[in-house]
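Pasted below: query_26.cif, mmCIF, C-alpha atoms.
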data_query
#
loop_
_atom_site.group_PDB
_atom_site.id
_atom_site.type_symbol
_atom_site.label_atom_id
_atom_site.label_comp_id
_atom_site.auth_asym_id
_atom_site.auth_seq_id
_atom_site.Cartn_x
_atom_site.Cartn_y
_atom_site.Cartn_z
ATOM 1 C CA PHE A 1 84.310 86.542 108.589
ATOM 2 C CA LYS A 2 86.150 84.127 106.326
ATOM 3 C CA ALA A 3 87.166 86.985 103.973
ATOM 4 C CA MET A 4 88.449 88.958 106.977
ATOM 5 C CA ALA A 5 90.466 85.981 108.202
ATOM 6 C CA VAL A 6 91.990 85.438 104.753
ATOM 7 C CA GLY A 7 92.750 89.172 104.403
ATOM 8 C CA GLY A 8 94.561 89.209 107.740
ATOM 9 C CA ALA A 9 96.494 86.025 106.978
ATOM 10 C CA ILE A 10 97.701 87.361 103.613
ATOM 11 C CA SER A 11 98.696 90.655 105.264
ATOM 12 C CA THR A 12 100.860 88.819 107.785
ATOM 13 C CA ARG A 13 102.391 86.628 105.072
ATOM 14 C CA ARG A 14 103.232 89.719 102.983
ATOM 15 C CA VAL A 15 105.453 91.140 105.772
ATOM 16 C CA GLU A 16 107.079 88.067 107.268
ATOM 17 C CA ASP A 17 107.922 85.741 104.421
ATOM 18 C CA VAL A 18 110.303 86.824 101.659
ATOM 19 C CA SER A 19 109.489 83.597 99.828
ATOM 20 C CA PHE A 20 105.820 84.560 99.604
ATOM 21 C CA PRO A 21 103.938 81.583 98.138
ATOM 22 C CA VAL A 22 101.849 83.642 95.731
ATOM 23 C CA HIS A 23 104.221 85.586 93.469
ATOM 24 C CA SER A 24 101.658 87.459 91.443
ATOM 25 C CA PRO A 25 101.630 91.115 90.406
ATOM 26 C CA GLU A 26 98.569 91.643 92.616
ATOM 27 C CA SER A 27 99.972 90.204 95.853
ATOM 28 C CA SER A 28 103.672 89.971 96.697
ATOM 29 C CA PRO A 29 105.945 90.553 99.712
ATOM 30 C CA ARG A 30 105.829 94.034 101.208
ATOM 31 C CA LYS A 31 108.841 96.247 100.485
ATOM 32 C CA SER A 32 110.452 98.286 103.239
ATOM 33 C CA GLY A 33 108.965 101.784 103.334
ATOM 34 C CA ASP A 34 105.741 100.901 101.506
ATOM 35 C CA ALA A 35 102.664 102.888 102.510
ATOM 36 C CA LEU A 36 100.636 99.721 103.135
ATOM 37 C CA LEU A 37 101.174 97.549 106.225
ATOM 38 C CA PRO A 38 103.876 99.804 107.727
ATOM 39 C CA PHE A 39 105.923 98.632 110.684
ATOM 40 C CA PHE A 40 106.048 102.281 111.800
ATOM 41 C CA ARG A 41 104.376 105.359 110.346
ATOM 42 C CA LEU A 42 104.254 108.984 111.437
ATOM 43 C CA ASP A 43 101.971 111.595 109.846
ATOM 44 C CA ILE A 44 102.258 115.263 110.813
ATOM 45 C CA THR A 45 99.812 117.811 109.368
ATOM 46 C CA HIS A 46 98.709 121.407 109.725
ATOM 47 C CA GLN A 47 95.059 122.284 109.140
ATOM 48 C CA GLU A 48 93.396 125.630 108.465
ATOM 49 C CA VAL A 49 89.966 125.379 110.063
ATOM 50 C CA GLU A 50 86.966 127.566 109.237
ATOM 51 C CA GLY A 51 87.181 131.006 110.823
ATOM 52 C CA ASP A 52 90.424 131.867 112.606
ATOM 53 C CA ALA A 53 91.211 128.412 114.010
ATOM 54 C CA THR A 54 94.114 126.128 113.114
ATOM 55 C CA ALA A 55 94.983 122.565 114.053
ATOM 56 C CA GLN A 56 98.219 120.653 114.499
ATOM 57 C CA ASP A 57 97.821 116.905 114.066
ATOM 58 C CA SER A 58 100.110 113.913 114.544
ATOM 59 C CA ARG A 59 99.255 110.258 113.967
ATOM 60 C CA PHE A 60 101.552 107.347 114.854
ATOM 61 C CA GLU A 61 100.997 103.752 113.734
ATOM 62 C CA ALA A 62 103.007 100.682 114.720
ATOM 63 C CA GLY A 63 102.225 97.167 113.619
ATOM 64 C CA TYR A 64 103.222 93.836 112.204
ATOM 65 C CA GLY A 65 101.206 92.216 109.446
ATOM 66 C CA SER A 66 97.520 92.290 110.212
ATOM 67 C CA ILE A 67 97.745 93.774 113.736
ATOM 68 C CA ALA A 68 98.608 97.395 114.516
ATOM 69 C CA VAL A 69 97.938 100.188 116.977
ATOM 70 C CA GLN A 70 97.510 103.839 116.142
ATOM 71 C CA ALA A 71 97.509 106.963 118.284
ATOM 72 C CA ARG A 72 96.431 110.367 117.022
ATOM 73 C CA LYS A 73 96.468 113.764 118.711
ATOM 74 C CA THR A 74 94.983 116.951 117.280
ATOM 75 C CA THR A 75 95.298 120.349 118.944
ATOM 76 C CA TYR A 76 92.822 123.011 117.789
ATOM 77 C CA ARG A 77 93.643 126.660 118.548
ATOM 78 C CA GLU A 78 91.393 129.659 118.079
ATOM 79 C CA GLN A 79 92.806 133.202 118.086
ATOM 80 C CA VAL A 80 89.765 135.319 119.061
ATOM 81 C CA PRO A 81 88.708 134.485 121.663
ATOM 82 C CA SER A 82 91.865 132.609 122.642
ATOM 83 C CA ASP A 83 90.868 128.982 123.083
ATOM 84 C CA LYS A 84 92.356 125.501 122.799
ATOM 85 C CA MET A 85 90.923 121.989 122.471
ATOM 86 C CA GLU A 86 92.711 118.630 122.165
ATOM 87 C CA ILE A 87 91.345 115.438 120.661
ATOM 88 C CA SER A 88 93.146 112.120 121.149
ATOM 89 C CA GLU A 89 92.283 108.861 119.402
ATOM 90 C CA GLN A 90 93.726 105.425 120.125
ATOM 91 C CA HIS A 91 92.754 102.340 118.122
ATOM 92 C CA VAL A 92 93.767 98.736 117.712
ATOM 93 C CA LEU A 93 93.673 97.913 113.988
ATOM 94 C CA TYR A 94 93.075 94.683 112.096
ATOM 95 C CA ARG A 95 94.748 95.352 108.728
ATOM 96 C CA MET A 96 93.785 93.562 105.514
ATOM 97 C CA SER A 97 95.920 94.022 102.395
ATOM 98 C CA VAL A 98 95.506 91.187 99.919
ATOM 99 C CA THR A 99 97.002 93.188 97.023
ATOM 100 C CA ASN A 100 100.067 95.413 96.654
ATOM 101 C CA ASN A 101 98.017 98.604 96.331
ATOM 102 C CA PHE A 102 94.896 98.299 98.525
ATOM 103 C CA GLU A 103 94.372 98.040 102.285
ATOM 104 C CA ILE A 104 91.284 98.229 104.461
ATOM 105 C CA ASP A 105 91.430 98.179 108.250
ATOM 106 C CA LEU A 106 88.934 97.645 111.044
ATOM 107 C CA GLY A 107 89.691 99.405 114.306
ATOM 108 C CA ALA A 108 88.243 99.923 117.759
ATOM 109 C CA GLY A 109 89.386 102.049 120.647
ATOM 110 C CA PHE A 110 88.761 105.376 122.358
ATOM 111 C CA MET A 111 88.499 109.080 121.701
ATOM 112 C CA THR A 112 89.236 111.688 124.361
ATOM 113 C CA LEU A 113 88.141 115.304 124.025
ATOM 114 C CA ASN A 114 89.925 117.754 126.317
ATOM 115 C CA GLY A 115 88.502 121.277 126.330
ATOM 116 C CA MET A 116 86.628 122.942 129.163
ATOM 117 C CA GLN A 117 86.238 119.419 130.506
ATOM 118 C CA THR A 118 87.636 115.990 129.606
ATOM 119 C CA THR A 119 85.372 113.371 128.044
ATOM 120 C CA THR A 120 86.286 109.876 126.813
ATOM 121 C CA GLY A 121 84.171 107.489 124.766
ATOM 122 C CA PHE A 122 84.209 104.406 122.548
ATOM 123 C CA SER A 123 85.423 104.812 118.976
ATOM 124 C CA VAL A 124 85.550 102.757 115.741
ATOM 125 C CA THR A 125 87.439 103.374 112.522
ATOM 126 C CA LEU A 126 87.543 101.960 108.985
ATOM 127 C CA PRO A 127 90.639 103.292 107.144
ATOM 128 C CA ILE A 128 90.764 102.681 103.379
ATOM 129 C CA LEU A 129 94.116 103.101 101.599
ATOM 130 C CA TYR A 130 94.726 102.907 97.852
ATOM 131 C CA HIS A 131 98.318 103.319 96.605
ATOM 132 C CA PRO A 132 98.499 102.351 92.912
ATOM 133 C CA SER A 133 102.250 103.139 92.837
ATOM 134 C CA GLU A 134 105.154 103.810 95.199
ATOM 135 C CA PHE A 135 104.835 107.521 94.436
ATOM 136 C CA PHE A 136 101.090 108.202 94.690
ATOM 137 C CA GLY A 137 98.258 107.216 96.986
ATOM 138 C CA MET A 138 94.808 108.137 98.282
ATOM 139 C CA GLU A 139 93.601 107.515 101.821
ATOM 140 C CA PHE A 140 90.287 107.904 103.639
ATOM 141 C CA ARG A 141 90.285 107.554 107.434
ATOM 142 C CA PRO A 142 86.790 107.797 108.968
ATOM 143 C CA VAL A 143 86.283 107.598 112.739
ATOM 144 C CA TRP A 144 82.973 107.428 114.601
ATOM 145 C CA SER A 145 82.978 108.069 118.347
ATOM 146 C CA SER A 146 80.376 108.241 121.088
ATOM 147 C CA LEU A 147 81.031 110.784 123.855
ATOM 148 C CA LYS A 148 78.297 111.251 126.466
ATOM 149 C CA GLU A 149 75.633 110.011 124.029
ATOM 150 C CA ASN A 150 76.859 112.427 121.335
ATOM 151 C CA THR A 151 78.216 111.087 118.065
ATOM 152 C CA ILE A 152 81.477 112.618 116.836
ATOM 153 C CA GLN A 153 82.403 112.024 113.185
ATOM 154 C CA ASP A 154 86.014 112.530 112.079
ATOM 155 C CA PHE A 155 86.603 112.074 108.344
ATOM 156 C CA ASP A 156 90.107 112.563 106.925
ATOM 157 C CA SER A 157 90.668 112.303 103.173
ATOM 158 C CA ALA A 158 94.139 112.803 101.679
ATOM 159 C CA VAL A 159 96.334 112.404 98.609
ATOM 160 C CA LEU A 160 99.983 111.405 99.115
ATOM 161 C CA VAL A 161 102.770 112.113 96.621
ATOM 162 C CA GLY A 162 106.407 111.218 97.158
ATOM 163 C CA TRP A 163 108.652 108.215 97.558
ATOM 164 C CA ARG A 164 108.539 104.864 99.270
ATOM 165 C CA TYR A 165 109.689 106.043 102.721
ATOM 166 C CA ALA A 166 108.224 109.559 102.720
ATOM 167 C CA SER A 167 105.389 111.475 101.093
ATOM 168 C CA LEU A 168 103.899 114.920 101.045
ATOM 169 C CA LYS A 169 100.279 114.832 102.108
ATOM 170 C CA ALA A 170 97.381 117.144 101.193
ATOM 171 C CA GLY A 171 93.731 116.681 101.960
ATOM 172 C CA TYR A 172 90.653 117.774 103.842
ATOM 173 C CA ARG A 173 89.406 116.866 107.314
ATOM 174 C CA TRP A 174 85.836 117.085 108.615
ATOM 175 C CA MET A 175 85.223 116.928 112.387
ATOM 176 C CA HIS A 176 81.520 117.055 113.236
ATOM 177 C CA SER A 177 79.614 116.921 116.513
ATOM 178 C CA PRO A 178 75.951 117.756 117.161
ATOM 179 C CA ARG A 179 76.907 121.337 118.095
ATOM 180 C CA GLN A 180 80.129 122.104 116.255
ATOM 181 C CA SER A 181 81.954 121.556 112.970
ATOM 182 C CA LEU A 182 85.729 121.907 112.482
ATOM 183 C CA ASP A 183 86.432 121.536 108.753
ATOM 184 C CA GLY A 184 89.317 122.612 106.596
ATOM 185 C CA PRO A 185 92.188 121.731 104.274
ATOM 186 C CA GLU A 186 95.356 120.123 105.634
ATOM 187 C CA VAL A 187 98.935 119.677 104.442
ATOM 188 C CA GLY A 188 101.786 117.676 105.926
ATOM 189 C CA ILE A 189 104.207 114.784 105.611
ATOM 190 C CA SER A 190 104.054 111.032 106.030
ATOM 191 C CA LEU A 191 107.116 109.025 107.104
ATOM 192 C CA ARG A 192 107.083 105.215 107.203
ATOM 193 C CA TRP A 193 109.226 102.143 107.466
#
Please go through the file and, once you have read it, give me the structure as structure tokens.
Amino acid sequence: FKAMAVGGAISTRRVEDVSFPVHSPESSPRKSGDALLPFFRLDITHQEVEGDATAQDSRFEAGYGSIAVQARKTTYREQVPSDKMEISEQHVLYRMSVTNNFEIDLGAGFMTLNGMQTTTGFSVTLPILYHPSEFFGMEFRPVWSSLKENTIQDFDSAVLVGWRYASLKAGYRWMHSPRQSLDGPEVGISLRW
């Protein structure tokens, strides 16, 4: 718990104090547009799912220092037979970034699945972000949810290439439930401030 408290405190100091007390190459004030500890971030992706299904996904994050909220909505569409399913995730995040290139978050919230019926359940997430430079980064965003005593696993792994305020994003997303799997590659953009 002490490491978590220190990680959160350093994250807040990195965004609010230009005269950051520890001026080391490993931990310095956050620059505007950095991928870590964003004030605002929007990711939009398109996914080709196994079979003839596709998915449109958008994720929005807003925060200050160690505290943030994120909302994500994914719409899956199948051509034959014509079908549609929406998954929404909302989490409160505790962000820890003690260095300029690494962040790990703890999050809790809810997942809602809207298909033939609507089901909502508790959800946890543990995003891990590694951006060794302003132009390149790797991110892994796992989510575990419980809906009507069924466990839903949503794993999103991506590589980001671009600039400080915007990146192109390519990766793979696995969505697993006890009865169904929606896996496939994804491409998109990430915008942040």
message: Suppose a student applies the PyMOL selection byres ((chain A and resi 100-106) around 9) to this structure; what residues should they get, written as a PyMOL selection string?
response: chain A and resi 25-30+35-37+66+92-99+107-108+124-134+137
field: Result set of the PyMOL selection byres ((chain A and resi 88) around 6) on the coordinates above, as a list in words
entry: Arg72, Lys73, Ile87, Glu89, Met111 and Thr112 of chain A
message: Taking the file as I've supplied it (selection: the PyMOL selection byres ((chain A and resi 62) around 8)), which residues are included? Please answer as a ChimeraX atom specification.
response: /A:38-41,60-61,63-64,68-70
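Of the residues under consideration (A:Leu182, A:Val143, A:Ala170, A:Met175), A:Leu182 shows the shortest atom-to-atom contact distance to A:Arg77 when counting all atoms listed in the file.
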message: Given only C-alpha atoms as the basis, pick out the residue of A:Gly51, A:Glu186, A:Ser123, A:Ser181 nearest to A:Ala158.
response: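 When distances to A:Ala158 are compared using only C-alpha atoms, the smallest one comes from A:Glu186.
Each of A:Val6, A:Ala166, A:Val187, A:Ile152 was checked against A:Leu42 using only C-alpha atoms; the smallest atom-to-atom distance is that of A:Ala166.
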Contacts of A:Gly115 at 12 Å (only C-alpha atoms; same-chain gap of 5+ positions) as a PyMOL selection string: chain A and resi 74-77+83-88+120
Only C-alpha atoms, please: the residues just picked out, written as a PDB file, keeping the file's coordinate frame.
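For reference, part_35.pdb as written:
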ATOM      1  CA  THR A  74      94.983 116.951 117.280  1.00  0.00           C
ATOM      2  CA  THR A  75      95.298 120.349 118.944  1.00  0.00           C
ATOM      3  CA  TYR A  76      92.822 123.011 117.789  1.00  0.00           C
ATOM      4  CA  ARG A  77      93.643 126.660 118.548  1.00  0.00           C
ATOM      5  CA  ASP A  83      90.868 128.982 123.083  1.00  0.00           C
ATOM      6  CA  LYS A  84      92.356 125.501 122.799  1.00  0.00           C
ATOM      7  CA  MET A  85      90.923 121.989 122.471  1.00  0.00           C
ATOM      8  CA  GLU A  86      92.711 118.630 122.165  1.00  0.00           C
ATOM      9  CA  ILE A  87      91.345 115.438 120.661  1.00  0.00           C
ATOM     10  CA  SER A  88      93.146 112.120 121.149  1.00  0.00           C
ATOM     11  CA  THR A 120      86.286 109.876 126.813  1.00  0.00           C
TER      12      THR A 120
END
message: Report, in Å with one decimal, the straight-line distance from atom CA of A:Ala5 to atom CA of A:His91.
response: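 Computing it gives 19.3 Å between the two atoms.
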- request: Give me, please, the distance in Å between atom CA of A:Ala9 and atom CA of A:Asp154, quoted to one decimal.
  value: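 Result for atom CA of A:Ala9 versus atom CA of A:Asp154: 29.0 Å, one decimal.
Considering the residues A:Lys148, A:Lys2, A:Lys169, A:Arg192 and counting all atoms listed in the file, A:Thr118 has its shortest atom-to-atom contact with A:Lys148.
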statement: A straight line from atom CA of A:Ser32 to atom CA of A:Phe136 spans 16.1 Å
Box for stretch 161-174 of chain A - axis-aligned, 4 Å on each of the six sides, all listed atoms - centre and size in Å to one decimal, as AutoDock Vina command-line options.
--center_x 97.8 --center_y 111.3 --center_z 102.6 --size_x 31.9 --size_y 20.9 --size_z 20.0
query: Do you know which residues lie at most 10 Å from (77.3, 104.6, 118.9), with coordinates as in the file and only C-alpha atoms counted, and could you write them as a ChimeraX atom specification?
result: /A:121-124,144-147,149-152
task: Counting all atoms listed in the file, figure out which residue out of A:Val161, A:Val80, A:Ala53, A:Gly65 gets nearest to A:Val15.
output: A:Gly65
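Among the candidates A:Leu113, A:Ile67, A:Ile189, A:Val49, the residue lying nearest to A:Ile10 is A:Ile67 (atoms considered: only C-alpha atoms).
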If I only have part of stretch 142-175 of chain A, can you fill in N, CA and C atoms and write it as a short mmCIF file (atom, residue, chain, number, x, y, z; two decimals), keeping the file's coordinate frame?
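Full text of out-v1.cif as output:
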data_model
loop_
_atom_site.label_atom_id
_atom_site.label_comp_id
_atom_site.auth_asym_id
_atom_site.auth_seq_id
_atom_site.Cartn_x
_atom_site.Cartn_y
_atom_site.Cartn_z
N PRO A 142 87.95 107.37 108.18
CA PRO A 142 86.79 107.80 108.97
C PRO A 142 86.85 107.23 110.39
N VAL A 143 86.38 108.03 111.34
CA VAL A 143 86.28 107.60 112.74
C VAL A 143 84.92 108.03 113.26
N TRP A 144 84.24 107.12 113.94
CA TRP A 144 82.97 107.43 114.60
C TRP A 144 83.15 107.18 116.09
N SER A 145 82.80 108.18 116.91
CA SER A 145 82.98 108.07 118.35
C SER A 145 81.70 108.46 119.06
N SER A 146 81.52 107.91 120.25
CA SER A 146 80.38 108.24 121.09
C SER A 146 80.89 108.81 122.40
N LEU A 147 80.61 110.10 122.63
CA LEU A 147 81.03 110.78 123.86
C LEU A 147 79.79 111.34 124.55
N LYS A 148 79.47 110.81 125.70
CA LYS A 148 78.30 111.25 126.47
C LYS A 148 77.04 111.28 125.59
N GLU A 149 76.80 110.19 124.89
CA GLU A 149 75.63 110.01 124.03
C GLU A 149 75.60 110.98 122.84
N ASN A 150 76.73 111.60 122.53
CA ASN A 150 76.86 112.43 121.34
C ASN A 150 77.77 111.71 120.35
N THR A 151 77.40 111.71 119.09
CA THR A 151 78.22 111.09 118.06
C THR A 151 79.16 112.11 117.47
N ILE A 152 80.45 111.78 117.45
CA ILE A 152 81.48 112.62 116.84
C ILE A 152 81.95 111.89 115.58
N GLN A 153 81.93 112.59 114.45
CA GLN A 153 82.40 112.02 113.18
C GLN A 153 83.68 112.76 112.78
N ASP A 154 84.72 111.98 112.48
CA ASP A 154 86.01 112.53 112.08
C ASP A 154 86.40 111.87 110.76
N PHE A 155 86.29 112.61 109.66
CA PHE A 155 86.60 112.07 108.34
C PHE A 155 87.83 112.79 107.79
N ASP A 156 88.84 112.02 107.43
CA ASP A 156 90.11 112.56 106.92
C ASP A 156 90.39 111.93 105.56
N SER A 157 90.42 112.77 104.53
CA SER A 157 90.67 112.30 103.17
C SER A 157 91.93 112.99 102.65
N ALA A 158 92.87 112.21 102.09
CA ALA A 158 94.14 112.80 101.68
C ALA A 158 94.71 112.12 100.44
N VAL A 159 95.54 112.89 99.73
CA VAL A 159 96.33 112.40 98.61
C VAL A 159 97.79 112.49 99.04
N LEU A 160 98.57 111.44 98.76
CA LEU A 160 99.98 111.40 99.12
C LEU A 160 100.83 111.28 97.85
N VAL A 161 101.86 112.12 97.76
CA VAL A 161 102.77 112.11 96.62
C VAL A 161 104.19 112.13 97.17
N GLY A 162 105.04 111.22 96.67
CA GLY A 162 106.41 111.22 97.16
C GLY A 162 107.15 109.96 96.78
N TRP A 163 107.81 109.38 97.76
CA TRP A 163 108.65 108.22 97.56
C TRP A 163 108.18 107.10 98.46
N ARG A 164 108.96 106.01 98.49
CA ARG A 164 108.54 104.86 99.27
C ARG A 164 108.58 105.14 100.78
N TYR A 165 109.57 105.83 101.28
CA TYR A 165 109.69 106.04 102.72
C TYR A 165 109.03 107.33 103.20
N ALA A 166 108.76 108.26 102.31
CA ALA A 166 108.22 109.56 102.72
C ALA A 166 107.34 110.14 101.62
N SER A 167 106.31 110.84 102.04
CA SER A 167 105.39 111.48 101.09
C SER A 167 104.95 112.82 101.62
N LEU A 168 104.63 113.71 100.70
CA LEU A 168 103.90 114.92 101.04
C LEU A 168 102.42 114.57 101.03
N LYS A 169 101.69 115.20 101.92
CA LYS A 169 100.28 114.83 102.11
C LYS A 169 99.42 116.09 102.04
N ALA A 170 98.33 116.04 101.27
CA ALA A 170 97.38 117.14 101.19
C ALA A 170 95.98 116.57 101.17
N GLY A 171 95.08 117.21 101.91
CA GLY A 171 93.73 116.68 101.96
C GLY A 171 92.77 117.61 102.67
N TYR A 172 91.70 117.03 103.16
CA TYR A 172 90.65 117.77 103.84
C TYR A 172 90.15 116.92 105.01
N ARG A 173 89.88 117.59 106.13
CA ARG A 173 89.41 116.87 107.31
C ARG A 173 88.12 117.51 107.82
N TRP A 174 87.13 116.67 108.08
CA TRP A 174 85.84 117.08 108.62
C TRP A 174 85.71 116.52 110.02
N MET A 175 85.48 117.37 111.01
CA MET A 175 85.22 116.93 112.39
C MET A 175 83.86 117.50 112.77
#
